[in-house]
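Chemist: Next up is a structure, given as structure tokens.
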Amino acid sequence: MKNKKTLAIVLKYASLLLGAFVAIVPILAIFFASFKTGTEYTTTGPLDLPASFTYFENYTRAFNEGNMLVGFRNTITILIISVIGTTLIGSMVAFVLNRFEFRGSKYILGAFLLATLIPAVTTQVATFQIVHGLGLFNTIWAAIVLYLGTDIIAVYIFLQFMDSISVSLDESAMLDGASYFTIYRRIILPLLKPAIVTVFIIKGVNVYNDFYTPFLYMPKTDLQVISTSLFKFQGPFGAEWQVITAGVMIAIIPTLIAFIFLQKYIYNGLTNGSVK
Amino acid sequence: MSSFKQMIGKVKFSNVSYKAQRNIIIIMFLAVPLTLLATFAFLPVANMFWYSFTDWNGYSDKNFIGLENYQTIFTNPEYFSVFRVSLYYFFATFIQLGIALYFATVLSFEVKFKNFFKGVLFFPYLLNGVAIGFMFLFFFRAGGTLDTVLGMFGLGDFVQKWLGNPDIINYSLAGVSVWRYMGFNFIIFLGAISSIPNEIYEASEMDGANRWHQFLYIILPSIKIIVSLNLILAVSGALSAFEIPFIMTGGANGSATFVIQTVNTAFKYGKIGLGSAMAVILLFIVILVTGIQRKFFSEEG
């Protein structure tokens with residue numbers, strides 16, 4: 001009995017270590033390669049430590065020649081506008097649908113529900129024509145309107161959260177003569193804060209990592225985001241894996257920093273956001 | 001925002017009756033979101049249906065050609081056979097959920113370095129898709145990370161052309177997909193399991209239940225709904241697999257999925273009518289799968 005228990009514990013930790021190993025090794029190899037010189041790269045194996053962890057030549061080359069500054073600038077611009085826009089749109093829709101019942105309100109809720117069933121990647125063929133027709137092709141607005149219009153998970157998160165905000169708060173504010181707008185702005189919006197954090201995180205991760213929207217709609221070099229600028233490394237750097245891996249690290253580092261500092265919020269955000 | 005406030009200031013919003021306010025707020029708060037929803041979520045679907053019955057190439061007139069595009073897809077193996085590739089991702093999904101469920105269960109009990117393991121197993125999910133693509137191109141190269149690791153464990157004989165061999169490439173790519181998305185399911189499952197009250201485990205231990213019994217009779221039943229929800233998300237994700245193979249191989253070597261084929265047909269070869277028909281078929285399949293799942297789900301729930 002005791003042996004059996006020990007064996008179970010050993011197997012448990014062995015499986016955890018194996019899982020951690022599989023998760024880390026691909027990243028670790030990239031990390032090592034990014035610090036190697038050209039000749040060092042060709043003469044050492046992927047899991048051999050680099051001679052020095054202070055050799056930043058690959059990073060400067062990746063950053064400058066790979067135009068990653070432009071990528072970061074565009075990603076941040078799009079990210080900020082999309083995240084704030086999504087929060088406003090989502091909370092406004094949730095406020096109206098949760099607090100008022102009116103003719104058609106059920107259909108509007110249904111329309112938002114239905115839209116989540118459409119996998120966006122399948123409709124790009126036709127979306128492209130619309131974006132093009134509106135003159136948004138090759139502008140950052142292409143990505144922004146698509147992030148605001150098609151990814152409506154925020155509406156759900158806010159709708160769910162609105163249920164827990166008591167209507168009596170609205171009513172007592174109304175006794176004080178507050179307008180509906182004041183109620184939304186001064187009472188609902190501040191109380192939605194935990195839901196807003198969730199939306200920021202889910203939306204932030206999606207926008208930072210999205211590839212096909214900028215790839216399809218913003219091919220212009222000035223408009224490349226992190227994903228698309230990294231994607232372009234394939235050609236010019238060919239077999240210079242030490243530079244490509246540095247580019248990959250540059251794209252990963254902001255994610256790692258955000259993860260380390262926001263861990264708790266990220267876990268909660270995903271758990272809250274997934275329960276539809 | 002500020003112009004909105006100014007406007008409200010001008011009409012002295014708080015002096016207007018609540019009934020009138022209500023109507024104004026409903027219209028103002030819904031106008032922009034509904035316009036965006038209609039323009040970028042529903043109009044494309046409607047247009048896609050219409051294009052799918054035409055021979056449009058993006059510039060020509062749209063001539064109605066009936067079901068010809070659909071006929072082409074179902075009779076020309078070049079188009080429909082790529083669905084076979086989706087099956088790799090489809091089956092990988094079950095492995096992915098199994099691994100996620102295993103780690104979520106293990107980590108919901110007493111474990112040393114719990115936060116470390118939790119973080120490490122979850123972190124890949126947060127990474128940029130293009131970064132993952134390059135990472136695994138490096139991983140699968142001849143003499144790359146995978147070959148080195150296999151060598152380290154004396155498994156050098158198992159080395160393959162991971163991305164060069166058409167018989168293996170889809171396993172490799174589906175594996176990357178599992179690596180990328182497992183952490184998401186894992187965190188969701190972990191959250192669901194941790195909401196099970198401790199007393200239930202304690203009571204079951206008094207009745208002599210072991211961990212396996214606890215998993216089977218306590219954990220699994222209480223997270224059944226979350227598991228099936230994740231299954232549906234993962235399955236529709238697998239059917240529309242695109243990023244990983246597109247970034248890593250561009251669909252070469254028999255790794256083109258249905259979405260890659262659709263995107264190429266429409267954008268690379270300009271056959272928008274045909275590409276739309278393919279997208280319509282995929283949309284139907286995804287909705288069908290979701291519908292079946294939802295039905296099953298509401299009966300259970």
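Chains: A, B, ... in order of the structure tokens. Residues: from 1 per chain. Ligands: from 1, in order shown.
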Quick one: residues within 10 Å of range 55-58 of chain B, only C-alpha atoms counted, chain neighbours fewer than 4 positions away excluded, as a VMD selection string?
Modeler: (chain A and resid 129) or (chain B and resid 51 62 to 66 68 to 69 266 to 267 269 to 276)
Chemist: Let me see the file: selected residues, N, CA and C atoms, as a PDB file, in the first residue's frame.
Modeler:
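Wrote selection.pdb, looks like this:
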```
ATOM      1  N   GLN A 129     -14.393  42.254 -49.173  1.00  0.00           N
ATOM      2  CA  GLN A 129     -15.031  43.145 -50.149  1.00  0.00           C
ATOM      3  C   GLN A 129     -15.652  44.349 -49.456  1.00  0.00           C
TER       4      GLN A 129
ATOM      5  N   TYR B  51     -22.387  35.410 -53.275  1.00  0.00           N
ATOM      6  CA  TYR B  51     -21.205  35.176 -54.116  1.00  0.00           C
ATOM      7  C   TYR B  51     -21.071  33.702 -54.473  1.00  0.00           C
ATOM      8  N   LYS B  62     -20.934  39.744 -61.739  1.00  0.00           N
ATOM      9  CA  LYS B  62     -21.304  38.535 -61.004  1.00  0.00           C
ATOM     10  C   LYS B  62     -22.400  37.804 -61.781  1.00  0.00           C
ATOM     11  N   ASN B  63     -22.040  36.719 -62.441  1.00  0.00           N
ATOM     12  CA  ASN B  63     -23.042  35.928 -63.162  1.00  0.00           C
ATOM     13  C   ASN B  63     -23.552  34.803 -62.284  1.00  0.00           C
ATOM     14  N   PHE B  64     -24.869  34.687 -62.232  1.00  0.00           N
ATOM     15  CA  PHE B  64     -25.473  33.614 -61.433  1.00  0.00           C
ATOM     16  C   PHE B  64     -25.215  32.273 -62.129  1.00  0.00           C
ATOM     17  N   ILE B  65     -24.594  31.348 -61.407  1.00  0.00           N
ATOM     18  CA  ILE B  65     -24.304  30.052 -62.035  1.00  0.00           C
ATOM     19  C   ILE B  65     -24.884  28.900 -61.216  1.00  0.00           C
ATOM     20  N   GLY B  66     -25.843  29.201 -60.377  1.00  0.00           N
ATOM     21  CA  GLY B  66     -26.507  28.139 -59.618  1.00  0.00           C
ATOM     22  C   GLY B  66     -25.564  27.415 -58.684  1.00  0.00           C
ATOM     23  N   GLU B  68     -23.120  25.434 -59.375  1.00  0.00           N
ATOM     24  CA  GLU B  68     -21.903  24.957 -60.027  1.00  0.00           C
ATOM     25  C   GLU B  68     -20.689  24.939 -59.095  1.00  0.00           C
ATOM     26  N   ASN B  69     -20.525  26.004 -58.275  1.00  0.00           N
ATOM     27  CA  ASN B  69     -19.376  26.049 -57.357  1.00  0.00           C
ATOM     28  C   ASN B  69     -19.418  24.891 -56.369  1.00  0.00           C
ATOM     29  N   ALA B 266      -9.768  32.083 -52.917  1.00  0.00           N
ATOM     30  CA  ALA B 266     -10.378  33.399 -53.051  1.00  0.00           C
ATOM     31  C   ALA B 266      -9.357  34.496 -53.320  1.00  0.00           C
ATOM     32  N   PHE B 267      -8.281  34.499 -52.537  1.00  0.00           N
ATOM     33  CA  PHE B 267      -7.373  35.647 -52.611  1.00  0.00           C
ATOM     34  C   PHE B 267      -6.201  35.436 -53.558  1.00  0.00           C
ATOM     35  N   TYR B 269      -5.998  32.949 -56.084  1.00  0.00           N
ATOM     36  CA  TYR B 269      -6.427  32.649 -57.442  1.00  0.00           C
ATOM     37  C   TYR B 269      -7.625  33.474 -57.875  1.00  0.00           C
ATOM     38  N   GLY B 270      -8.097  34.367 -56.988  1.00  0.00           N
ATOM     39  CA  GLY B 270      -9.179  35.269 -57.363  1.00  0.00           C
ATOM     40  C   GLY B 270     -10.514  34.605 -57.656  1.00  0.00           C
ATOM     41  N   LYS B 271     -10.673  33.337 -57.258  1.00  0.00           N
ATOM     42  CA  LYS B 271     -11.979  32.707 -57.499  1.00  0.00           C
ATOM     43  C   LYS B 271     -12.876  32.956 -56.295  1.00  0.00           C
ATOM     44  N   ILE B 272     -13.445  34.160 -56.238  1.00  0.00           N
ATOM     45  CA  ILE B 272     -14.199  34.540 -55.048  1.00  0.00           C
ATOM     46  C   ILE B 272     -15.484  33.748 -54.926  1.00  0.00           C
ATOM     47  N   GLY B 273     -16.138  33.483 -56.055  1.00  0.00           N
ATOM     48  CA  GLY B 273     -17.368  32.694 -56.022  1.00  0.00           C
ATOM     49  C   GLY B 273     -17.115  31.323 -55.424  1.00  0.00           C
ATOM     50  N   LEU B 274     -16.099  30.657 -55.927  1.00  0.00           N
ATOM     51  CA  LEU B 274     -15.775  29.314 -55.463  1.00  0.00           C
ATOM     52  C   LEU B 274     -15.323  29.333 -54.001  1.00  0.00           C
ATOM     53  N   GLY B 275     -14.479  30.308 -53.677  1.00  0.00           N
ATOM     54  CA  GLY B 275     -14.011  30.431 -52.290  1.00  0.00           C
ATOM     55  C   GLY B 275     -15.182  30.662 -51.337  1.00  0.00           C
ATOM     56  N   SER B 276     -16.152  31.459 -51.778  1.00  0.00           N
ATOM     57  CA  SER B 276     -17.323  31.718 -50.940  1.00  0.00           C
ATOM     58  C   SER B 276     -18.105  30.435 -50.697  1.00  0.00           C
TER      59      SER B 276
END
```
Chemist: Show me which bits of chain B are within 6 Å of chain A, counting only C-alpha atoms, as a list in words.
Modeler: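 Within 6 Å of chain A on chain B, we get Ser14, Ile26, Phe29, Pro33, Leu36, Leu37, Phe40, Ala41, Pro44, Met48, Val120, Asn128, Val130, Ala131, Thr145, Ile188 and Ala279 of chain B.
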Chemist: Go ahead and write the selection's residues with C-alpha atoms as a PDB file, in the first residue's frame.
Modeler:
```pdb
ATOM      1  CA  SER B  14     -31.592  65.073 -16.604  1.00  0.00           C
ATOM      2  CA  ILE B  26     -31.497  52.886 -26.241  1.00  0.00           C
ATOM      3  CA  PHE B  29     -26.124  53.154 -27.114  1.00  0.00           C
ATOM      4  CA  PRO B  33     -22.631  48.538 -32.005  1.00  0.00           C
ATOM      5  CA  LEU B  36     -20.769  47.404 -36.718  1.00  0.00           C
ATOM      6  CA  LEU B  37     -22.401  44.041 -36.033  1.00  0.00           C
ATOM      7  CA  PHE B  40     -18.944  43.207 -40.305  1.00  0.00           C
ATOM      8  CA  ALA B  41     -20.648  40.117 -38.913  1.00  0.00           C
ATOM      9  CA  PRO B  44     -20.420  39.256 -44.959  1.00  0.00           C
ATOM     10  CA  MET B  48     -20.923  35.122 -49.025  1.00  0.00           C
ATOM     11  CA  VAL B 120       4.432  26.900 -17.348  1.00  0.00           C
ATOM     12  CA  ASN B 128       1.867  35.104 -30.601  1.00  0.00           C
ATOM     13  CA  VAL B 130       3.709  33.767 -35.712  1.00  0.00           C
ATOM     14  CA  ALA B 131       6.266  33.439 -32.892  1.00  0.00           C
ATOM     15  CA  THR B 145      15.385  21.040 -31.056  1.00  0.00           C
ATOM     16  CA  ILE B 188     -10.640  26.591 -17.623  1.00  0.00           C
ATOM     17  CA  ALA B 279     -16.647  29.135 -46.780  1.00  0.00           C
TER      18      ALA B 279
END
```
Chemist: Which residues, written as a PyMOL selection string, have at least one atom at most 7 Å from Phe200 in chain A, with only C-alpha atoms counted and residues fewer than 4 positions away on the same chain left out?
Modeler: chain A and resi 83+196+204
Chemist: How about saving the chosen residues, N, CA and C atoms kept, as a CSV table (one decimal), in the first residue's frame?
Modeler:
```csv
chain,number,residue,atom,x,y,z
A,83,VAL,N,-9.3,48.0,-27.5
A,83,VAL,CA,-9.7,47.6,-26.1
A,83,VAL,C,-10.7,48.6,-25.5
A,196,ILE,N,-14.4,44.7,-16.7
A,196,ILE,CA,-13.5,45.4,-17.7
A,196,ILE,C,-12.1,44.9,-17.7
A,204,GLY,N,-6.9,42.1,-25.3
A,204,GLY,CA,-5.5,42.4,-25.4
A,204,GLY,C,-4.7,41.2,-26.0
```
Chemist: Considering only C-alpha atoms, can you say which of B:Ser228, B:Asn253, B:Gln261, B:Asn210 comes closest to Ile292 in chain B?
Modeler: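 With only C-alpha atoms as the atom set, the closest residue is B:Ser228.
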Chemist: Figure out the distance between CA of Arg211 in chain B and CA of Ala8 in chain A, please, to one decimal in Å.
Modeler: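 That distance, rounded to one decimal, is 10.3 Å.
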Chemist: Quick one: pull the distance between CA of Leu231 in chain B and CA of Gln293 in chain B, Å, one decimal.
Modeler: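 For CA of Leu231 in chain B relative to CA of Gln293 in chain B, the distance reads 8.9 Å.
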Chemist: Quick one: residues within 10 Å of Thr139 in chain A, only C-alpha atoms counted, chain neighbours fewer than 6 positions away excluded, as an mmCIF file with N, CA and C atoms, in the first residue's frame?
Modeler:
```
data_model
loop_
_atom_site.group_PDB
_atom_site.id
_atom_site.type_symbol
_atom_site.label_atom_id
_atom_site.label_comp_id
_atom_site.auth_asym_id
_atom_site.auth_seq_id
_atom_site.Cartn_x
_atom_site.Cartn_y
_atom_site.Cartn_z
ATOM 1 N N VAL A 131 -14.758 45.680 -46.440
ATOM 2 C CA VAL A 131 -13.686 46.547 -45.949
ATOM 3 C C VAL A 131 -13.096 47.347 -47.111
ATOM 4 N N PRO A 214 -4.464 41.600 -39.733
ATOM 5 C CA PRO A 214 -3.490 42.527 -40.328
ATOM 6 C C PRO A 214 -2.869 41.987 -41.611
ATOM 7 N N TYR A 217 -5.632 42.543 -44.355
ATOM 8 C CA TYR A 217 -6.201 43.879 -44.572
ATOM 9 C C TYR A 217 -5.192 45.016 -44.533
ATOM 10 N N MET A 218 -3.997 44.769 -44.015
ATOM 11 C CA MET A 218 -3.023 45.850 -43.897
ATOM 12 C C MET A 218 -1.648 45.419 -44.393
ATOM 13 N N PRO A 219 -1.546 45.038 -45.672
ATOM 14 C CA PRO A 219 -0.260 44.533 -46.157
ATOM 15 C C PRO A 219 0.827 45.610 -46.268
ATOM 16 N N LYS A 220 0.447 46.884 -46.247
ATOM 17 C CA LYS A 220 1.429 47.965 -46.412
ATOM 18 C C LYS A 220 2.497 47.900 -45.323
ATOM 19 N N ASP A 222 4.238 50.134 -43.806
ATOM 20 C CA ASP A 222 4.073 51.092 -42.706
ATOM 21 C C ASP A 222 3.045 50.620 -41.689
ATOM 22 N N LEU A 223 2.179 49.705 -42.108
ATOM 23 C CA LEU A 223 1.064 49.320 -41.247
ATOM 24 C C LEU A 223 1.277 47.973 -40.591
#
```
Chemist: Please, what distance in Å, to one decimal, runs between CA of Glu57 in chain A and CA of Asp147 in chain B?
Modeler: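 Separating CA of Glu57 in chain A from CA of Asp147 in chain B is a distance of 27.2 Å.
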Chemist: Within range 133-210 of chain A, find each residue whose DSSP state, derived from the backbone, is alpha helix (DSSP H), and express the selection as a ChimeraX atom specification.
Modeler: /A:133,140-150,153-162,167-175,180-182,189-191,193-209
Chemist: The selected residues should be written to file as a short mmCIF file (atom, residue, chain, number, x, y, z; two decimals), in the first residue's frame (atoms: N, CA and C atoms).
Modeler:
```cif
data_model
loop_
_atom_site.label_atom_id
_atom_site.label_comp_id
_atom_site.auth_asym_id
_atom_site.auth_seq_id
_atom_site.Cartn_x
_atom_site.Cartn_y
_atom_site.Cartn_z
N GLY A 133 -14.60 48.05 -49.97
CA GLY A 133 -15.63 48.97 -50.44
C GLY A 133 -15.73 50.23 -49.58
N ILE A 140 -5.26 51.37 -40.60
CA ILE A 140 -5.38 50.62 -39.36
C ILE A 140 -6.85 50.47 -38.95
N TRP A 141 -7.73 51.27 -39.55
CA TRP A 141 -9.15 51.17 -39.21
C TRP A 141 -9.74 49.85 -39.63
N ALA A 142 -9.14 49.22 -40.64
CA ALA A 142 -9.63 47.91 -41.07
C ALA A 142 -9.59 46.95 -39.89
N ALA A 143 -8.43 46.87 -39.23
CA ALA A 143 -8.31 45.97 -38.09
C ALA A 143 -9.22 46.43 -36.96
N ILE A 144 -9.25 47.73 -36.70
CA ILE A 144 -10.03 48.22 -35.55
C ILE A 144 -11.52 47.93 -35.71
N VAL A 145 -12.10 48.26 -36.87
CA VAL A 145 -13.54 48.02 -37.01
C VAL A 145 -13.85 46.53 -36.95
N LEU A 146 -12.95 45.70 -37.46
CA LEU A 146 -13.21 44.25 -37.39
C LEU A 146 -13.13 43.76 -35.95
N TYR A 147 -12.17 44.27 -35.18
CA TYR A 147 -12.08 43.86 -33.78
C TYR A 147 -13.30 44.33 -33.00
N LEU A 148 -13.81 45.52 -33.36
CA LEU A 148 -14.96 46.05 -32.63
C LEU A 148 -16.26 45.39 -33.06
N GLY A 149 -16.35 45.09 -34.34
CA GLY A 149 -17.63 44.64 -34.87
C GLY A 149 -17.88 43.15 -34.82
N THR A 150 -16.83 42.35 -34.87
CA THR A 150 -17.07 40.92 -35.01
C THR A 150 -16.77 40.12 -33.76
N ILE A 153 -17.45 39.00 -27.67
CA ILE A 153 -17.40 38.30 -26.39
C ILE A 153 -17.62 39.28 -25.24
N ALA A 154 -17.18 40.53 -25.42
CA ALA A 154 -17.31 41.53 -24.36
C ALA A 154 -18.77 41.75 -23.97
N VAL A 155 -19.65 41.71 -24.96
CA VAL A 155 -21.08 41.91 -24.67
C VAL A 155 -21.56 40.87 -23.66
N TYR A 156 -21.11 39.64 -23.85
CA TYR A 156 -21.51 38.57 -22.93
C TYR A 156 -20.99 38.77 -21.55
N ILE A 157 -19.68 39.07 -21.49
CA ILE A 157 -19.04 39.22 -20.19
C ILE A 157 -19.75 40.32 -19.41
N PHE A 158 -20.06 41.43 -20.09
CA PHE A 158 -20.73 42.53 -19.40
C PHE A 158 -22.17 42.17 -19.04
N LEU A 159 -22.85 41.48 -19.96
CA LEU A 159 -24.25 41.10 -19.68
C LEU A 159 -24.32 40.23 -18.43
N GLN A 160 -23.39 39.28 -18.36
CA GLN A 160 -23.35 38.38 -17.21
C GLN A 160 -23.14 39.16 -15.93
N PHE A 161 -22.21 40.10 -16.02
CA PHE A 161 -21.83 40.85 -14.83
C PHE A 161 -22.94 41.81 -14.41
N MET A 162 -23.67 42.35 -15.40
CA MET A 162 -24.76 43.30 -15.11
C MET A 162 -25.81 42.66 -14.22
N VAL A 167 -30.61 46.46 -9.45
CA VAL A 167 -31.37 47.55 -10.07
C VAL A 167 -31.71 48.62 -9.02
N SER A 168 -31.72 48.23 -7.74
CA SER A 168 -32.07 49.21 -6.71
C SER A 168 -31.06 50.36 -6.66
N LEU A 169 -29.84 50.08 -7.11
CA LEU A 169 -28.84 51.17 -7.20
C LEU A 169 -29.30 52.21 -8.20
N ASP A 170 -29.77 51.73 -9.35
CA ASP A 170 -30.28 52.65 -10.38
C ASP A 170 -31.44 53.45 -9.81
N GLU A 171 -32.32 52.72 -9.11
CA GLU A 171 -33.54 53.37 -8.63
C GLU A 171 -33.24 54.46 -7.60
N SER A 172 -32.31 54.18 -6.70
CA SER A 172 -32.02 55.22 -5.71
C SER A 172 -31.34 56.41 -6.36
N ALA A 173 -30.54 56.15 -7.42
CA ALA A 173 -29.94 57.28 -8.14
C ALA A 173 -31.01 58.10 -8.84
N MET A 174 -32.03 57.39 -9.34
CA MET A 174 -33.11 58.10 -10.02
C MET A 174 -33.89 58.99 -9.05
N LEU A 175 -34.02 58.53 -7.80
CA LEU A 175 -34.68 59.37 -6.79
C LEU A 175 -33.91 60.67 -6.58
N TYR A 180 -30.33 58.61 -16.96
CA TYR A 180 -29.86 57.26 -17.29
C TYR A 180 -28.39 57.27 -17.69
N PHE A 181 -28.02 58.36 -18.37
CA PHE A 181 -26.61 58.42 -18.78
C PHE A 181 -25.71 58.51 -17.56
N THR A 182 -26.13 59.33 -16.57
CA THR A 182 -25.34 59.44 -15.34
C THR A 182 -25.26 58.08 -14.64
N LEU A 189 -20.66 51.76 -14.88
CA LEU A 189 -19.31 51.61 -15.41
C LEU A 189 -18.28 51.34 -14.30
N PRO A 190 -18.29 52.12 -13.18
CA PRO A 190 -17.31 51.81 -12.12
C PRO A 190 -17.52 50.42 -11.52
N LEU A 191 -18.78 49.99 -11.40
CA LEU A 191 -19.02 48.68 -10.81
C LEU A 191 -18.64 47.53 -11.74
N LYS A 193 -15.95 47.23 -13.16
CA LYS A 193 -14.48 47.17 -13.24
C LYS A 193 -13.89 45.75 -13.36
N PRO A 194 -14.32 44.80 -12.52
CA PRO A 194 -13.74 43.46 -12.68
C PRO A 194 -14.00 42.89 -14.08
N ALA A 195 -15.19 43.15 -14.61
CA ALA A 195 -15.49 42.66 -15.96
C ALA A 195 -14.64 43.38 -17.00
N ILE A 196 -14.38 44.66 -16.74
CA ILE A 196 -13.55 45.43 -17.68
C ILE A 196 -12.13 44.85 -17.72
N VAL A 197 -11.62 44.47 -16.55
CA VAL A 197 -10.29 43.85 -16.52
C VAL A 197 -10.29 42.58 -17.37
N THR A 198 -11.33 41.77 -17.21
CA THR A 198 -11.46 40.55 -18.01
C THR A 198 -11.43 40.86 -19.50
N VAL A 199 -12.23 41.86 -19.90
CA VAL A 199 -12.31 42.22 -21.31
C VAL A 199 -10.96 42.73 -21.82
N PHE A 200 -10.30 43.57 -21.02
CA PHE A 200 -8.98 44.09 -21.41
C PHE A 200 -8.03 42.93 -21.70
N ILE A 201 -8.04 41.95 -20.82
CA ILE A 201 -7.09 40.85 -20.97
C ILE A 201 -7.41 39.98 -22.18
N ILE A 202 -8.66 39.56 -22.29
CA ILE A 202 -9.03 38.68 -23.40
C ILE A 202 -8.80 39.39 -24.73
N LYS A 203 -9.28 40.63 -24.80
CA LYS A 203 -9.14 41.40 -26.03
C LYS A 203 -7.67 41.71 -26.32
N GLY A 204 -6.94 42.08 -25.26
CA GLY A 204 -5.53 42.41 -25.43
C GLY A 204 -4.75 41.24 -26.00
N VAL A 205 -4.96 40.06 -25.44
CA VAL A 205 -4.26 38.87 -25.93
C VAL A 205 -4.64 38.60 -27.39
N ASN A 206 -5.95 38.69 -27.67
CA ASN A 206 -6.40 38.42 -29.05
C ASN A 206 -5.79 39.39 -30.05
N VAL A 207 -5.80 40.67 -29.70
CA VAL A 207 -5.32 41.67 -30.66
C VAL A 207 -3.81 41.55 -30.84
N TYR A 208 -3.08 41.39 -29.74
CA TYR A 208 -1.62 41.30 -29.84
C TYR A 208 -1.20 40.09 -30.69
N ASN A 209 -1.95 39.01 -30.56
CA ASN A 209 -1.55 37.79 -31.25
C ASN A 209 -2.18 37.59 -32.62
#
```
Chemist: Please provide the set of residues having any atom within 8 Å of Pro50 in chain A, restricted to only C-alpha atoms, with same-chain residues fewer than 4 positions apart removed, written as a PyMOL selection string.
Modeler: chain A and resi 32-33+35-36+40
Chemist: I'd like a table as JSON lines: residues in range 57-91 of chain B with an atom no more than 12 Å from range 167-171 of chain B, each row giving the shortest atom pair and its distance in Å to one decimal, only C-alpha atoms counted, sorted by chain and rising residue number.
Modeler:
```
{"residue": "B:Val82", "atom": "CA", "partner": "B:Asn170", "partner_atom": "CA", "distance": 11.5}
{"residue": "B:Arg84", "atom": "CA", "partner": "B:Asn170", "partner_atom": "CA", "distance": 10.2}
{"residue": "B:Val85", "atom": "CA", "partner": "B:Asn170", "partner_atom": "CA", "distance": 7.0}
{"residue": "B:Ser86", "atom": "CA", "partner": "B:Asn170", "partner_atom": "CA", "distance": 9.1}
{"residue": "B:Leu87", "atom": "CA", "partner": "B:Asn170", "partner_atom": "CA", "distance": 9.6}
{"residue": "B:Tyr88", "atom": "CA", "partner": "B:Asn170", "partner_atom": "CA", "distance": 6.5}
{"residue": "B:Tyr89", "atom": "CA", "partner": "B:Asn170", "partner_atom": "CA", "distance": 8.2}
{"residue": "B:Phe90", "atom": "CA", "partner": "B:Tyr171", "partner_atom": "CA", "distance": 11.3}
{"residue": "B:Phe91", "atom": "CA", "partner": "B:Tyr171", "partner_atom": "CA", "distance": 10.1}
```
Chemist: Restricted to N, CA and C atoms, what would the selected residues look like written as a JSON list (two decimals), in the first residue's frame?
Modeler:
```
[["chain", "number", "residue", "atom", "x", "y", "z"],
["B", 82, "VAL", "N", -9.15, 18.14, -48.87],
["B", 82, "VAL", "CA", -8.38, 18.79, -47.81],
["B", 82, "VAL", "C", -9.08, 18.67, -46.45],
["B", 84, "ARG", "N", -9.77, 16.08, -45.13],
["B", 84, "ARG", "CA", -9.05, 14.98, -44.49],
["B", 84, "ARG", "C", -8.00, 15.54, -43.52],
["B", 85, "VAL", "N", -7.36, 16.65, -43.94],
["B", 85, "VAL", "CA", -6.33, 17.26, -43.10],
["B", 85, "VAL", "C", -6.92, 17.75, -41.78],
["B", 86, "SER", "N", -8.15, 18.25, -41.85],
["B", 86, "SER", "CA", -8.79, 18.73, -40.63],
["B", 86, "SER", "C", -8.96, 17.62, -39.61],
["B", 87, "LEU", "N", -9.06, 16.39, -40.10],
["B", 87, "LEU", "CA", -9.25, 15.26, -39.18],
["B", 87, "LEU", "C", -8.08, 15.12, -38.21],
["B", 88, "TYR", "N", -6.87, 15.43, -38.67],
["B", 88, "TYR", "CA", -5.71, 15.36, -37.77],
["B", 88, "TYR", "C", -5.91, 16.30, -36.59],
["B", 89, "TYR", "N", -6.38, 17.52, -36.91],
["B", 89, "TYR", "CA", -6.59, 18.52, -35.86],
["B", 89, "TYR", "C", -7.77, 18.11, -34.98],
["B", 90, "PHE", "N", -8.75, 17.51, -35.63],
["B", 90, "PHE", "CA", -9.94, 17.05, -34.92],
["B", 90, "PHE", "C", -9.56, 16.01, -33.85],
["B", 91, "PHE", "N", -8.78, 15.02, -34.24],
["B", 91, "PHE", "CA", -8.40, 13.99, -33.26],
["B", 91, "PHE", "C", -7.41, 14.53, -32.23]]
```
Chemist: Would you kindly return, as a PyMOL selection string, each protein, DNA or RNA residue with an atom no farther than 10 Å from any atom of Leu282 in chain B, considering only C-alpha atoms and excluding same-chain residues fewer than 3 positions away?
Modeler: (chain A and resi 119+122-123) or (chain B and resi 83+236+239-240+258-259+262+276-279+285-288)
